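K.L.:
Data: entry04.csv, CSV, C-alpha atoms.
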```
chain,number,residue,atom,x,y,z
A,109,MET,CA,110.6,-29.2,5.2
A,110,LYS,CA,111.8,-26.1,3.3
A,111,LYS,CA,108.6,-26.2,1.2
A,112,LEU,CA,106.5,-26.5,4.3
A,113,ALA,CA,108.4,-23.6,5.9
A,114,ILE,CA,107.8,-21.4,2.8
A,115,ALA,CA,104.1,-22.4,2.7
A,116,GLY,CA,103.8,-21.6,6.3
A,117,LEU,CA,105.4,-18.2,5.8
A,118,GLY,CA,103.1,-17.6,2.8
A,119,VAL,CA,100.0,-18.3,4.9
A,120,GLY,CA,101.3,-16.1,7.6
A,121,VAL,CA,102.0,-13.2,5.3
A,122,LEU,CA,98.5,-13.7,3.7
A,123,SER,CA,96.9,-13.8,7.1
A,124,VAL,CA,98.6,-10.6,8.1
A,125,GLY,CA,97.5,-9.0,4.8
A,126,LEU,CA,93.9,-10.1,5.2
A,127,TYR,CA,93.9,-8.8,8.8
A,128,PHE,CA,95.1,-5.3,7.9
A,129,GLY,CA,92.9,-5.3,4.8
A,130,ALA,CA,89.8,-6.2,6.8
A,131,ASN,CA,90.9,-3.7,9.4
A,132,LEU,CA,91.1,-0.9,6.9
A,133,TYR,CA,87.8,-1.8,5.2
A,134,GLY,CA,86.1,-2.4,8.6
A,135,THR,CA,87.3,0.9,10.0
A,136,ASN,CA,85.9,2.8,7.0
A,137,VAL,CA,82.5,1.1,7.4
A,138,ALA,CA,82.6,1.6,11.2
A,139,GLU,CA,83.4,5.2,10.8
A,140,ALA,CA,80.4,5.7,8.5
A,141,LYS,CA,78.1,4.0,11.0
A,142,VAL,CA,79.4,5.9,14.0
A,143,ASN,CA,79.0,9.2,12.1
A,144,LYS,CA,75.4,8.2,11.4
A,145,LEU,CA,74.8,7.6,15.1
A,146,ILE,CA,76.4,11.0,15.9
A,147,ASP,CA,74.2,12.7,13.4
A,148,GLY,CA,71.2,11.4,15.3
A,149,MET,CA,72.7,12.7,18.6
A,150,GLU,CA,73.1,16.2,17.0
A,151,GLU,CA,69.4,16.2,16.4
A,152,GLU,CA,69.1,16.1,20.3
A,153,ASN,CA,71.2,19.3,20.5
A,154,LEU,CA,74.4,17.3,21.3
A,155,THR,CA,77.7,17.9,19.5
A,156,VAL,CA,80.0,14.8,19.5
A,157,GLU,CA,83.7,14.8,18.4
A,158,TYR,CA,86.3,12.1,18.4
A,159,LYS,CA,90.0,11.8,17.5
A,160,ASP,CA,90.3,8.1,16.4
A,161,ILE,CA,88.2,5.2,15.3
A,162,SER,CA,89.3,1.6,14.5
A,163,TYR,CA,87.8,-1.8,13.7
A,164,LYS,CA,89.2,-4.9,15.3
A,165,PRO,CA,88.3,-7.8,12.9
A,166,LEU,CA,89.4,-10.6,15.2
A,167,ALA,CA,87.2,-9.3,18.1
A,168,GLN,CA,84.7,-7.8,15.6
A,169,ASP,CA,84.3,-4.6,17.6
A,170,VAL,CA,84.7,-0.9,17.0
A,171,HIS,CA,86.9,1.3,19.2
A,172,VAL,CA,86.2,5.1,19.3
A,173,LYS,CA,88.7,7.1,21.3
A,174,ASP,CA,89.1,10.5,22.8
A,175,ILE,CA,85.4,11.6,22.6
A,176,THR,CA,84.1,15.0,23.6
A,177,ILE,CA,80.4,15.7,24.0
A,178,THR,CA,78.9,19.1,24.5
A,179,SER,CA,75.3,20.3,24.6
A,180,LYS,CA,74.0,23.4,22.9
A,181,ASP,CA,72.2,24.2,26.2
A,182,ASP,CA,75.2,23.7,28.4
A,183,PRO,CA,78.8,24.6,27.5
A,184,ALA,CA,80.4,22.1,29.9
A,185,GLU,CA,82.2,19.3,28.2
A,186,VAL,CA,81.9,15.6,28.9
A,187,THR,CA,85.0,13.6,27.9
A,188,ILE,CA,85.3,9.9,27.3
A,189,GLU,CA,88.5,8.0,26.9
A,190,LYS,CA,87.1,5.2,24.8
A,191,VAL,CA,83.9,3.6,23.6
A,192,VAL,CA,83.9,-0.1,22.5
A,193,ILE,CA,80.9,-1.1,20.3
A,194,ARG,CA,80.7,-4.9,20.1
A,195,ASP,CA,77.2,-5.2,18.6
A,196,ILE,CA,74.5,-2.8,17.6
A,197,ASP,CA,71.3,-2.7,15.5
A,198,GLU,CA,71.5,0.7,13.8
A,199,LYS,CA,68.6,0.0,11.5
A,200,SER,CA,65.8,0.2,14.1
A,201,ASP,CA,64.6,3.3,15.9
A,202,VAL,CA,65.0,1.4,19.1
A,203,PRO,CA,68.0,-1.0,18.7
A,204,THR,CA,67.1,-4.7,19.1
A,205,VAL,CA,70.7,-5.4,20.0
A,206,PHE,CA,73.2,-3.2,21.9
A,207,ASP,CA,76.4,-4.4,23.4
A,208,ALA,CA,79.0,-1.7,24.2
A,209,SER,CA,81.3,-0.3,26.9
A,210,VAL,CA,82.1,3.3,27.8
A,211,GLN,CA,85.5,3.6,29.4
A,212,GLY,CA,86.8,6.7,31.2
A,213,LEU,CA,83.7,8.9,31.3
A,214,VAL,CA,85.1,11.8,33.3
A,215,VAL,CA,82.7,13.7,35.6
A,216,ASP,CA,83.7,16.9,37.4
A,217,LEU,CA,82.0,16.8,40.8
A,218,ASN,CA,82.3,20.6,40.9
A,219,GLN,CA,79.8,20.7,38.1
A,220,PRO,CA,76.7,18.9,39.6
A,221,GLU,CA,74.8,19.3,36.3
A,222,GLN,CA,77.0,16.6,34.8
A,223,LEU,CA,75.9,14.0,37.4
A,224,ALA,CA,72.7,14.0,39.5
A,225,MET,CA,74.5,12.4,42.5
A,226,ALA,CA,77.5,14.7,42.4
A,227,ASN,CA,76.7,16.4,45.6
A,228,PHE,CA,76.0,13.0,47.2
A,229,LEU,CA,79.5,11.9,46.2
A,230,LYS,CA,81.1,15.1,47.4
A,231,GLN,CA,79.4,14.5,50.8
A,232,ALA,CA,81.1,11.1,50.9
A,233,GLY,CA,84.5,12.8,50.5
A,234,TYR,CA,85.1,12.7,46.7
A,235,ASP,CA,86.1,16.2,45.9
A,236,SER,CA,87.4,16.3,42.3
A,237,GLU,CA,86.9,14.3,39.1
A,238,LEU,CA,85.8,10.7,38.9
A,239,SER,CA,86.2,8.4,36.0
A,240,PHE,CA,83.3,6.0,35.3
A,241,ASP,CA,83.0,2.9,33.1
A,242,ILE,CA,79.7,1.8,31.8
A,243,ASP,CA,79.0,-1.6,30.3
A,244,THR,CA,75.6,-2.3,28.6
A,245,LYS,CA,74.4,-5.6,27.0
A,246,TYR,CA,70.8,-5.4,25.9
A,247,ARG,CA,68.6,-7.4,23.5
A,248,TYR,CA,65.0,-7.0,22.4
A,249,ASN,CA,63.1,-9.9,20.8
A,250,LYS,CA,60.5,-8.4,18.5
A,251,ALA,CA,58.7,-11.8,18.0
A,252,LYS,CA,58.4,-12.4,21.7
A,253,ARG,CA,58.1,-8.7,22.7
A,254,GLU,CA,60.8,-9.4,25.3
A,255,MET,CA,63.3,-6.9,26.6
A,256,ASN,CA,66.4,-8.5,28.2
A,257,VAL,CA,69.0,-6.3,29.8
A,258,GLU,CA,71.6,-8.9,30.2
A,259,ALA,CA,74.0,-6.5,32.0
A,260,PHE,CA,74.0,-2.8,32.8
A,261,LYS,CA,77.1,-2.0,34.9
A,262,VAL,CA,78.4,1.3,36.2
A,263,SER,CA,81.7,1.4,38.0
A,264,ALA,CA,84.3,3.8,39.3
A,265,ASP,CA,87.6,3.4,41.0
A,266,GLN,CA,87.5,4.0,44.7
A,267,VAL,CA,83.7,4.1,44.6
A,268,GLY,CA,82.3,0.7,43.6
A,269,ASP,CA,80.3,-0.9,40.9
A,270,LEU,CA,76.6,-1.4,40.4
A,271,THR,CA,75.2,-4.1,38.0
A,272,VAL,CA,71.6,-4.5,37.0
A,273,ASN,CA,70.0,-7.4,35.1
A,274,MET,CA,66.4,-7.3,34.1
A,275,LYS,CA,63.9,-9.2,31.8
A,276,LEU,CA,60.5,-7.9,30.8
A,277,GLY,CA,57.8,-9.2,28.5
A,278,ASN,CA,55.0,-7.7,26.4
A,279,VAL,CA,57.1,-4.6,25.7
A,280,ASP,CA,57.1,-2.8,22.4
A,281,PRO,CA,59.3,0.3,22.6
A,282,GLU,CA,58.8,1.2,18.9
A,283,VAL,CA,55.1,2.0,19.3
A,284,ALA,CA,55.5,4.0,22.5
A,285,GLU,CA,56.4,7.6,22.5
A,286,SER,CA,59.5,6.7,24.5
A,287,GLN,CA,61.1,3.7,26.1
A,288,GLU,CA,60.1,5.0,29.5
A,289,ALA,CA,56.5,5.1,28.3
A,290,ALA,CA,56.8,1.5,27.2
A,291,LEU,CA,58.1,0.4,30.6
A,292,ALA,CA,55.2,2.3,32.2
A,293,ASN,CA,52.7,0.1,30.4
A,294,THR,CA,50.7,-1.8,33.0
A,295,ASP,CA,50.5,-4.8,30.6
A,296,VAL,CA,54.2,-5.3,30.9
A,297,ILE,CA,55.1,-8.8,32.1
A,298,PHE,CA,57.8,-9.0,34.8
A,299,HIS,CA,60.3,-11.9,34.5
A,300,GLY,CA,63.0,-10.9,36.9
A,301,LEU,CA,65.4,-8.3,38.2
A,302,GLU,CA,68.7,-8.4,40.0
A,303,ILE,CA,70.8,-5.6,41.4
A,304,THR,CA,74.3,-6.2,42.7
A,305,TYR,CA,76.5,-3.6,44.3
A,306,ARG,CA,80.2,-4.1,45.3
A,307,ASP,CA,81.7,-1.4,47.3
A,308,GLY,CA,85.1,0.2,46.5
A,309,SER,CA,85.1,2.5,49.5
A,310,PHE,CA,82.0,4.7,48.9
A,311,ALA,CA,79.9,3.1,51.7
A,312,GLU,CA,82.6,3.5,54.4
A,313,LYS,CA,83.3,7.0,53.3
A,314,PHE,CA,79.7,8.0,53.3
A,315,LEU,CA,79.1,6.5,56.8
A,316,ALA,CA,82.2,8.3,58.0
A,317,SER,CA,80.9,11.6,56.7
A,318,MET,CA,77.5,11.0,58.3
A,319,ALA,CA,79.2,10.2,61.6
A,320,ALA,CA,81.4,13.3,61.5
A,321,GLU,CA,78.3,15.5,60.9
A,322,ASP,CA,76.6,14.0,64.0
A,323,GLY,CA,79.8,14.1,66.1
A,324,LYS,CA,79.9,10.3,66.4
A,325,SER,CA,82.3,7.5,65.6
A,326,VAL,CA,81.5,5.3,62.7
A,327,ASP,CA,80.8,2.4,65.0
A,328,GLU,CA,78.4,4.5,67.0
A,329,LEU,CA,76.5,5.5,63.9
A,330,LYS,CA,76.4,1.9,62.6
A,331,ALA,CA,74.9,0.8,66.0
A,332,GLU,CA,72.3,3.6,65.8
A,333,LEU,CA,71.3,2.7,62.3
A,334,THR,CA,71.0,-1.0,63.1
A,335,SER,CA,68.9,-0.2,66.2
A,336,GLN,CA,66.6,2.0,64.2
A,337,LEU,CA,66.2,-0.5,61.4
A,338,THR,CA,65.5,-3.5,63.7
A,339,GLY,CA,63.1,-1.4,65.8
A,340,ALA,CA,61.1,-0.3,62.7
A,341,SER,CA,61.0,-3.8,61.3
A,342,GLN,CA,59.6,-5.3,64.5
A,343,PHE,CA,56.8,-2.7,64.4
A,344,LEU,CA,56.1,-2.9,60.6
A,345,LEU,CA,56.8,-6.5,59.7
A,346,SER,CA,55.2,-9.7,60.7
A,347,PRO,CA,57.6,-12.2,62.3
A,348,ASP,CA,56.0,-14.9,60.0
A,349,ASN,CA,57.3,-13.0,56.9
A,350,GLU,CA,60.5,-14.9,56.5
A,351,LEU,CA,61.6,-13.1,53.3
A,352,ALA,CA,61.2,-9.7,54.9
A,353,THR,CA,62.9,-10.6,58.2
A,354,ASN,CA,65.8,-12.2,56.3
A,355,ALA,CA,66.1,-9.0,54.2
A,356,VAL,CA,66.4,-6.9,57.4
A,357,ASP,CA,69.1,-9.2,58.7
A,358,GLU,CA,71.1,-8.8,55.5
A,359,VAL,CA,70.7,-5.0,55.5
A,360,VAL,CA,72.0,-5.0,59.1
A,361,ALA,CA,75.0,-7.2,58.0
A,362,PHE,CA,75.8,-4.7,55.2
A,363,ILE,CA,75.7,-1.8,57.6
A,364,GLU,CA,78.1,-3.5,59.9
A,365,ASN,CA,80.4,-4.6,57.1
A,366,PRO,CA,79.6,-2.8,53.8
A,367,LYS,CA,81.4,-4.8,51.2
A,368,GLY,CA,78.5,-5.4,48.9
A,369,PHE,CA,74.9,-6.6,48.5
A,370,SER,CA,72.4,-8.0,46.0
A,371,ILE,CA,68.7,-7.6,45.6
A,372,SER,CA,66.8,-10.1,43.4
A,373,ALA,CA,63.2,-10.3,42.4
A,374,LYS,CA,62.3,-13.6,40.7
A,375,PRO,CA,58.7,-14.6,40.8
A,376,GLU,CA,57.9,-18.3,40.4
A,377,GLN,CA,56.0,-17.4,37.2
A,378,PRO,CA,56.2,-14.3,35.0
A,379,MET,CA,53.6,-11.8,36.2
A,380,GLN,CA,51.9,-8.7,34.9
A,381,LEU,CA,53.0,-5.6,36.8
A,382,VAL,CA,49.4,-4.4,36.9
A,383,SER,CA,48.7,-7.3,39.3
A,384,LEU,CA,50.9,-5.6,41.9
A,385,MET,CA,48.6,-2.6,41.9
A,386,THR,CA,45.7,-4.6,43.2
A,387,GLU,CA,47.7,-6.3,46.0
A,388,ASN,CA,48.7,-5.1,49.4
A,389,PRO,CA,52.3,-3.9,49.3
A,390,ASP,CA,53.0,-6.1,52.3
A,391,SER,CA,52.6,-9.1,49.9
A,392,TRP,CA,55.0,-7.8,47.2
A,393,MET,CA,58.0,-9.5,48.7
A,394,ASP,CA,56.3,-12.9,48.5
A,395,MET,CA,54.8,-12.3,45.1
A,396,LEU,CA,58.1,-11.2,43.6
A,397,ASN,CA,60.2,-13.6,45.7
A,398,ILE,CA,62.5,-10.8,46.7
A,399,GLU,CA,65.8,-11.7,48.3
A,400,VAL,CA,68.4,-9.5,49.8
A,401,LYS,CA,71.9,-10.7,50.4
A,402,SER,CA,75.0,-9.1,52.0
A,403,PHE,CA,78.5,-10.3,51.2
```
So that I can check it, write out the structure of this file as structure tokens.

P.N.:
Amino acid sequence: MKKLAIAGLGVGVLSVGLYFGANLYGTNVAEAKVNKLIDGMEEENLTVEYKDISYKPLAQDVHVKDITITSKDDPAEVTIEKVVIRDIDEKSDVPTVFDASVQGLVVDLNQPEQLAMANFLKQAGYDSELSFDIDTKYRYNKAKREMNVEAFKVSADQVGDLTVNMKLGNVDPEVAESQEAALANTDVIFHGLEITYRDGSFAEKFLASMAAEDGKSVDELKAELTSQLTGASQFLLSPDNELATNAVDEVVAFIENPKGFSISAKPEQPMQLVSLMTENPDSWMDMLNIEVKSF
């Protein structure tokens, strides 16, 4: 038993030594790779500084803490508490793999240039700083020319979170001038899209601010919005369009109780986006099999 205890202790000490050895080696490698990425950002007139970087061998991810980003065109600072990089392809101009989280991205709503929807959030009653988290998991299969955004999630306390999943085919970002240009290619094949929003109080606050501007109660505003929506749908939509009428019902349900909603577009077979251009927009919901759900 004594030998087993000594052997166990030896294995434990060796494991701890290997962990910290791998941690030190991994941190040095990770720091070099992160600095390489930062050099690329500086070519875009961005200056990036950080206070600490570490590599976690068990989780095999990199943690970069206390980050400050400034632009040569704008002196305002953007601060980030931590970035966790789980997987990245740093060899390609357009990464084929990217899995990372941004935690504690602080946005000053009094500096609207930091966030396009800053004024929108201020109208909803948010009047100071907000801290956002962003999670991204993305893969690009070169052989199949498929882009799969497994998850893109933006969240903020007391606001809510928005998650987007998307899959496209016949996409080659590396030969396009930009990723946006690649997505604009009419030969792109659409596989599916899902958007999910879970409210953290933003919707109710925004409705309350709208009601206050009009001198109404929130319930009165909700009733008015519901009436306008149902009236417009009766005029614009065919009662035989089940997907569209169900979507209107779900939007009404969200207005009455804005906890969250999802919008999904999943055609029965992958389809070229260009085919939508030749069809009447009234048929898009059926072609894309669009569903709206409130919860």

K.L.:
So which residues are close to (57.4, -11.3, 25.1), meaning at most 10 Å away in the file's coordinates with all atoms listed in the file counted, and can you show them as a list in words?

P.N.:
Tyr248, Asn249, Lys250, Ala251, Lys252, Arg253, Glu254, Met255, Asn256, Lys275, Leu276, Gly277, Asn278, Val279, Asp280, Val296, Ile297, Phe298 and His299 of chain A

K.L.:
For Phe314 of chain A, list every protein, DNA or RNA residue within 9 Å, evaluated using only C-alpha atoms, and leave out those in the same chain fewer than 6 positions away; present the list as number ranges by chain.

P.N.:
A: 228-229, 231-233

K.L.:
Any idea what's packed within 12 Å of Lys313 of chain A, counting only C-alpha atoms, ignoring anything in its chain fewer than 3 positions away? Could you give it as a ChimeraX atom specification?

P.N.:
/A:228-234,266-268,307-310,316-320,326,366

K.L.:
Counting all atoms listed in the file, what is within 9 Å of Asn365 of chain A, bar same-chain residues fewer than 4 positions away, as a ChimeraX atom specification?

P.N.:
/A:312,360-361,402-403

K.L.:
Report as CSV the residues of segment 253-330 of chain A within 6 Å of segment 367-374 of chain A, each with its shortest atom pair and distance in Å (one decimal), using only C-alpha atoms, ordered by chain and increasing residue number.

P.N.:
```
residue,atom,partner,partner_atom,distance
A:Gly300,CA,A:Lys374,CA,4.7
A:Leu301,CA,A:Ala373,CA,5.1
A:Glu302,CA,A:Ser372,CA,4.2
A:Ile303,CA,A:Ile371,CA,5.1
A:Thr304,CA,A:Ser370,CA,4.2
A:Tyr305,CA,A:Gly368,CA,5.3
A:Arg306,CA,A:Gly368,CA,4.2
A:Asp307,CA,A:Lys367,CA,5.2
```

K.L.:
With C-alpha atoms retained, write the just-selected residues as a PDB file, keeping the file's coordinate frame.

P.N.:
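Written output follows (result07.pdb):
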```
ATOM      1  CA  GLY A 300      63.000 -10.900  36.900  1.00  0.00           C
ATOM      2  CA  LEU A 301      65.400  -8.300  38.200  1.00  0.00           C
ATOM      3  CA  GLU A 302      68.700  -8.400  40.000  1.00  0.00           C
ATOM      4  CA  ILE A 303      70.800  -5.600  41.400  1.00  0.00           C
ATOM      5  CA  THR A 304      74.300  -6.200  42.700  1.00  0.00           C
ATOM      6  CA  TYR A 305      76.500  -3.600  44.300  1.00  0.00           C
ATOM      7  CA  ARG A 306      80.200  -4.100  45.300  1.00  0.00           C
ATOM      8  CA  ASP A 307      81.700  -1.400  47.300  1.00  0.00           C
TER       9      ASP A 307
END
```

K.L.:
Can you tell me, as a PDB file with C-alpha atoms, in the frame of the given file, what residues are no more than 12 Å from Glu332 of chain A when counting all atoms listed in the file, ignoring any on the same chain fewer than 4 positions away?

P.N.:
```pdb
ATOM      1  CA  LEU A 315      79.100   6.500  56.800  1.00  0.00           C
ATOM      2  CA  MET A 318      77.500  11.000  58.300  1.00  0.00           C
ATOM      3  CA  ALA A 319      79.200  10.200  61.600  1.00  0.00           C
ATOM      4  CA  ASP A 322      76.600  14.000  64.000  1.00  0.00           C
ATOM      5  CA  LYS A 324      79.900  10.300  66.400  1.00  0.00           C
ATOM      6  CA  SER A 325      82.300   7.500  65.600  1.00  0.00           C
ATOM      7  CA  VAL A 326      81.500   5.300  62.700  1.00  0.00           C
ATOM      8  CA  ASP A 327      80.800   2.400  65.000  1.00  0.00           C
ATOM      9  CA  GLU A 328      78.400   4.500  67.000  1.00  0.00           C
ATOM     10  CA  GLN A 336      66.600   2.000  64.200  1.00  0.00           C
ATOM     11  CA  LEU A 337      66.200  -0.500  61.400  1.00  0.00           C
ATOM     12  CA  THR A 338      65.500  -3.500  63.700  1.00  0.00           C
ATOM     13  CA  GLY A 339      63.100  -1.400  65.800  1.00  0.00           C
ATOM     14  CA  VAL A 360      72.000  -5.000  59.100  1.00  0.00           C
ATOM     15  CA  ILE A 363      75.700  -1.800  57.600  1.00  0.00           C
ATOM     16  CA  GLU A 364      78.100  -3.500  59.900  1.00  0.00           C
TER      17      GLU A 364
END
```

K.L.:
Please determine, counting only C-alpha atoms, which residue among A:Ile398, A:Ile242, A:Pro389, A:Met274 has the shortest atom-to-atom distance to Asn354 of chain A.

P.N.:
A:Ile398

K.L.:
Quick one: everything within 8 Å of segment 188-200 of chain A, counting all atoms listed in the file, minus sequence neighbours fewer than 2 positions away in the same chain. Send it as a list of chain:residue names.

P.N.:
A:Lys141, A:Leu145, A:Gln168, A:Asp169, A:Val170, A:His171, A:Val172, A:Lys173, A:Asp174, A:Ile175, A:Thr176, A:Val186, A:Val202, A:Pro203, A:Thr204, A:Val205, A:Phe206, A:Asp207, A:Ala208, A:Ser209, A:Val210, A:Gln211, A:Gly212, A:Leu213, A:Val214

K.L.:
What gap, in Å, lies between atom CA of Asn153 of chain A and atom CA of Lys180 of chain A?

P.N.:
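Value for the atom CA of Asn153 of chain A-atom CA of Lys180 of chain A distance: 5.5 Å.
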
K.L.:
Report, in Å with one decimal, the straight-line distance from atom CA of Asp216 of chain A to atom CA of Thr271 of chain A.

P.N.:
22.7 Å

K.L.:
Which residue out of A:Asn397, A:Asn388, A:Ser239, A:Asn218 has the minimum interatomic distance to Pro375 of chain A when all atoms listed in the file are used?

P.N.:
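Nearest candidate to Pro375 of chain A out of A:Asn397, A:Asn388, A:Ser239, A:Asn218: A:Asn397.
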
K.L.:
For Lys245 of chain A, which residue out of A:Ala264, A:Leu351, A:Val382, A:Asn273 is the nearest one, using all atoms listed in the file?

P.N.:
A:Asn273

K.L.:
Calculate how many Å separate atom CA of Glu358 of chain A from atom CA of Gln380 of chain A, rounding to one decimal.

P.N.:
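If I compute the distance from atom CA of Glu358 of chain A to atom CA of Gln380 of chain A, I get 28.2 Å.
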
K.L.:
I need the residue nearest Asp181 of chain A from this list: A:Glu258, A:Asp147, A:Pro165, A:Thr155. Use all atoms listed in the file for the distance.

P.N.:
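Once distances to Asp181 of chain A are computed over all atoms listed in the file, the minimum belongs to A:Thr155.
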